Amino acid sequence: TVCRPYVLKVLKDLTVVEVNARLSRHFAVMYLGWRGEWWLPPLNGIASAPLLEDDGAIHSAQGYDRVSGMWRENVPDLTGLVPEQPTVDDAA
């Protein structure tokens, strides 16, 4: 679901830790050359706020939303904070 390239680094005390790493240019060029063969869903953007659907439904989940094509990251959980049938006063 999510790619986090890393390398293993040996520290002075001989412990081994994962350290974030960049993908090589060779790999990036190869991946971009596969255009059309990725079979990945479209990515229309990244959201850090809940998504509001046309029917008024609020989605505050994490990860990819297939309906909107948005990746949701660090979205606050609104469970229990918004009434099922909010009034105009609730909205205000």
# chains A, B, ... in the order shown; residues from 1 in each chain; ligands from 1
>>> residues_around(residues="Pro41 (chain A)", least_positions_apart="2", cutoff="9 Å", atoms="only C-alpha atoms", output="PyMOL selection string")
chain A and resi 38-39+43+66+69
>>> write_last_selection(atoms="all heavy atoms", output="compact mmCIF listing (two decimals), in the first residue's frame")
# COMPACT_ATOMS: atom_id res chain seq x y z
N TRP A 38 1.04 0.49 -14.98
CA TRP A 38 1.12 0.46 -13.53
C TRP A 38 -0.08 -0.21 -12.88
O TRP A 38 0.01 -0.75 -11.81
CB TRP A 38 1.23 1.88 -12.97
CG TRP A 38 2.43 2.64 -13.38
CD1 TRP A 38 3.66 2.14 -13.72
CD2 TRP A 38 2.52 4.05 -13.53
NE1 TRP A 38 4.52 3.17 -14.04
CE2 TRP A 38 3.84 4.35 -13.93
CE3 TRP A 38 1.64 5.09 -13.34
CZ2 TRP A 38 4.29 5.64 -14.14
CZ3 TRP A 38 2.08 6.38 -13.56
CH2 TRP A 38 3.39 6.64 -13.95
N TRP A 39 -1.22 -0.11 -13.48
CA TRP A 39 -2.46 -0.63 -12.92
C TRP A 39 -2.78 -0.01 -11.56
O TRP A 39 -3.34 -0.66 -10.68
CB TRP A 39 -2.45 -2.16 -12.85
CG TRP A 39 -2.27 -2.78 -14.19
CD1 TRP A 39 -1.11 -3.29 -14.70
CD2 TRP A 39 -3.23 -2.92 -15.21
NE1 TRP A 39 -1.29 -3.75 -15.97
CE2 TRP A 39 -2.61 -3.52 -16.31
CE3 TRP A 39 -4.58 -2.58 -15.33
CZ2 TRP A 39 -3.27 -3.80 -17.50
CZ3 TRP A 39 -5.23 -2.87 -16.51
CH2 TRP A 39 -4.59 -3.47 -17.58
N LEU A 43 -4.72 9.11 -8.76
CA LEU A 43 -4.50 9.89 -7.55
C LEU A 43 -4.82 11.34 -7.89
O LEU A 43 -4.10 11.99 -8.65
CB LEU A 43 -3.06 9.75 -7.06
CG LEU A 43 -2.71 10.56 -5.82
CD1 LEU A 43 -3.56 10.11 -4.62
CD2 LEU A 43 -1.23 10.44 -5.50
N ARG A 66 -11.45 5.47 -3.13
CA ARG A 66 -11.66 5.14 -4.54
C ARG A 66 -12.69 6.04 -5.22
O ARG A 66 -12.59 6.30 -6.42
CB ARG A 66 -12.09 3.68 -4.69
CG ARG A 66 -10.98 2.70 -4.38
CD ARG A 66 -11.27 1.31 -4.93
NE ARG A 66 -10.16 0.42 -4.70
CZ ARG A 66 -9.09 0.34 -5.49
NH1 ARG A 66 -9.00 1.08 -6.55
NH2 ARG A 66 -8.12 -0.50 -5.20
N GLY A 69 -10.69 9.48 -5.51
CA GLY A 69 -9.32 9.38 -5.98
C GLY A 69 -8.34 10.14 -5.09
O GLY A 69 -7.22 10.42 -5.49
>>> select_by_dssp(residues="region 25-91 of chain A", states="helix (DSSP H, G or I)", output="ChimeraX atom specification")
/A:25-33,88-91
>>> closest_residue(among="A:Pro42, A:Gly63, A:Pro50, A:Gly36", to="Leu78 (chain A)", atoms="only C-alpha atoms")
A:Pro50
>>> select_by_dssp(residues="chain A", states="strand (DSSP E or B)", output="CSV table (one decimal) with C-alpha atoms, in the first residue's frame")
chain,number,residue,atom,x,y,z
A,6,TYR,CA,15.2,2.3,3.4
A,7,VAL,CA,18.7,1.1,3.9
A,8,LEU,CA,20.2,-0.7,6.9
A,9,LYS,CA,22.8,1.3,8.8
A,10,VAL,CA,25.2,0.0,11.4
A,16,VAL,CA,21.4,-1.9,13.0
A,17,VAL,CA,18.7,0.6,12.2
A,18,GLU,CA,16.5,1.4,9.2
A,19,VAL,CA,17.3,4.8,7.6
A,20,ASN,CA,15.0,6.4,5.0
A,45,GLY,CA,-4.8,14.7,-4.6
A,46,ILE,CA,-4.0,14.4,-0.9
A,47,ALA,CA,-6.4,15.4,1.8
A,51,LEU,CA,-14.2,14.4,2.7
A,52,LEU,CA,-17.8,15.5,2.2
A,58,ILE,CA,-18.6,12.7,5.9
A,59,HIS,CA,-15.6,10.4,5.4
A,63,GLY,CA,-5.8,5.9,3.1
A,64,TYR,CA,-7.1,5.9,-0.5
A,65,ASP,CA,-10.7,6.8,-1.3
A,70,MET,CA,-7.9,11.2,-2.9
A,71,TRP,CA,-5.3,9.9,-0.5
A,72,ARG,CA,-6.4,10.7,3.0
>>> closest_residue(among="A:Glu37, A:Gly56, A:Arg22, A:Gln62", to="Glu84 (chain A)", atoms="only C-alpha atoms")
A:Gly56
>>> residues_around(residues="Leu23 (chain A)", least_positions_apart="6", cutoff="12 Å", atoms="only C-alpha atoms", output="list in words")
Cys3, Arg4, Pro5, Tyr6, Val7, Val29, Met30 and Tyr31 of chain A
>>> decode(residues="region 53-68 of chain A", atoms="all heavy atoms", output="short mmCIF file (atom, residue, chain, number, x, y, z; two decimals), in the first residue's frame")
data_model
loop_
_atom_site.label_atom_id
_atom_site.label_comp_id
_atom_site.auth_asym_id
_atom_site.auth_seq_id
_atom_site.Cartn_x
_atom_site.Cartn_y
_atom_site.Cartn_z
N GLU A 53 -19.20 14.03 0.87
CA GLU A 53 -19.79 13.48 -0.35
C GLU A 53 -20.99 14.31 -0.78
O GLU A 53 -21.52 15.12 -0.01
CB GLU A 53 -20.23 12.03 -0.10
CG GLU A 53 -19.10 11.09 0.24
CD GLU A 53 -18.13 10.88 -0.91
OE1 GLU A 53 -18.55 10.91 -2.08
OE2 GLU A 53 -16.94 10.69 -0.62
N ASP A 54 -21.44 14.12 -2.01
CA ASP A 54 -22.60 14.85 -2.54
C ASP A 54 -23.86 14.62 -1.70
O ASP A 54 -24.71 15.50 -1.60
CB ASP A 54 -22.88 14.46 -3.99
CG ASP A 54 -21.80 14.95 -4.94
OD1 ASP A 54 -21.08 15.92 -4.58
OD2 ASP A 54 -21.67 14.38 -6.03
N ASP A 55 -23.97 13.44 -1.09
CA ASP A 55 -25.16 13.13 -0.29
C ASP A 55 -25.03 13.62 1.15
O ASP A 55 -25.90 13.37 1.99
CB ASP A 55 -25.45 11.63 -0.30
CG ASP A 55 -24.36 10.80 0.35
OD1 ASP A 55 -23.35 11.38 0.83
OD2 ASP A 55 -24.53 9.57 0.41
N GLY A 56 -23.95 14.33 1.47
CA GLY A 56 -23.75 14.87 2.80
C GLY A 56 -22.95 13.97 3.72
O GLY A 56 -22.65 14.35 4.85
N ALA A 57 -22.62 12.76 3.27
CA ALA A 57 -21.83 11.84 4.10
C ALA A 57 -20.43 12.40 4.31
O ALA A 57 -19.85 12.99 3.40
CB ALA A 57 -21.76 10.47 3.45
N ILE A 58 -19.91 12.21 5.52
CA ILE A 58 -18.58 12.68 5.86
C ILE A 58 -17.68 11.46 6.02
O ILE A 58 -17.99 10.54 6.77
CB ILE A 58 -18.59 13.49 7.17
CG1 ILE A 58 -19.48 14.72 7.02
CG2 ILE A 58 -17.17 13.90 7.56
CD1 ILE A 58 -19.71 15.47 8.32
N HIS A 59 -16.54 11.47 5.31
CA HIS A 59 -15.59 10.36 5.39
C HIS A 59 -14.32 10.87 6.04
O HIS A 59 -13.66 11.76 5.52
CB HIS A 59 -15.29 9.81 4.00
CG HIS A 59 -16.47 9.17 3.35
ND1 HIS A 59 -16.81 7.87 3.58
CD2 HIS A 59 -17.41 9.67 2.52
CE1 HIS A 59 -17.91 7.59 2.90
NE2 HIS A 59 -18.29 8.67 2.25
N SER A 60 -13.99 10.28 7.19
CA SER A 60 -12.78 10.71 7.90
C SER A 60 -11.80 9.56 8.06
O SER A 60 -10.98 9.56 8.96
CB SER A 60 -13.14 11.29 9.27
OG SER A 60 -13.82 10.36 10.06
N ALA A 61 -11.87 8.58 7.19
CA ALA A 61 -10.97 7.43 7.25
C ALA A 61 -9.59 7.81 6.72
O ALA A 61 -9.40 8.87 6.13
CB ALA A 61 -11.54 6.27 6.44
N GLN A 62 -8.63 6.92 6.92
CA GLN A 62 -7.27 7.10 6.41
C GLN A 62 -7.10 6.27 5.14
O GLN A 62 -7.81 5.30 4.92
CB GLN A 62 -6.26 6.63 7.46
CG GLN A 62 -6.35 7.33 8.79
CD GLN A 62 -5.91 8.79 8.74
OE1 GLN A 62 -5.01 9.16 7.99
NE2 GLN A 62 -6.55 9.62 9.53
N GLY A 63 -6.15 6.66 4.31
CA GLY A 63 -5.82 5.88 3.12
C GLY A 63 -6.53 6.35 1.87
O GLY A 63 -7.08 7.45 1.81
N TYR A 64 -6.54 5.51 0.86
CA TYR A 64 -7.06 5.87 -0.46
C TYR A 64 -8.58 5.79 -0.51
O TYR A 64 -9.17 4.82 -0.03
CB TYR A 64 -6.47 4.95 -1.52
CG TYR A 64 -6.86 5.32 -2.93
CD1 TYR A 64 -6.34 6.45 -3.53
CD2 TYR A 64 -7.76 4.54 -3.63
CE1 TYR A 64 -6.70 6.80 -4.82
CE2 TYR A 64 -8.13 4.88 -4.93
CZ TYR A 64 -7.60 6.01 -5.52
OH TYR A 64 -7.97 6.36 -6.79
N ASP A 65 -9.21 6.81 -1.08
CA ASP A 65 -10.66 6.84 -1.28
C ASP A 65 -10.93 6.64 -2.77
O ASP A 65 -10.64 7.51 -3.58
CB ASP A 65 -11.24 8.18 -0.81
CG ASP A 65 -12.74 8.27 -1.02
OD1 ASP A 65 -13.46 7.45 -0.42
OD2 ASP A 65 -13.18 9.15 -1.78
N ARG A 66 -11.45 5.47 -3.13
CA ARG A 66 -11.66 5.14 -4.54
C ARG A 66 -12.69 6.04 -5.22
O ARG A 66 -12.59 6.30 -6.42
CB ARG A 66 -12.09 3.68 -4.69
CG ARG A 66 -10.98 2.70 -4.38
CD ARG A 66 -11.27 1.31 -4.93
NE ARG A 66 -10.16 0.42 -4.70
CZ ARG A 66 -9.09 0.34 -5.49
NH1 ARG A 66 -9.00 1.08 -6.55
NH2 ARG A 66 -8.12 -0.50 -5.20
N VAL A 67 -13.68 6.53 -4.49
CA VAL A 67 -14.72 7.38 -5.09
C VAL A 67 -14.13 8.70 -5.57
O VAL A 67 -14.38 9.14 -6.69
CB VAL A 67 -15.87 7.62 -4.09
CG1 VAL A 67 -16.87 8.61 -4.64
CG2 VAL A 67 -16.54 6.30 -3.74
N SER A 68 -13.33 9.34 -4.73
CA SER A 68 -12.78 10.66 -5.07
C SER A 68 -11.39 10.60 -5.69
O SER A 68 -10.94 11.57 -6.30
CB SER A 68 -12.71 11.53 -3.81
OG SER A 68 -11.76 11.00 -2.90
#
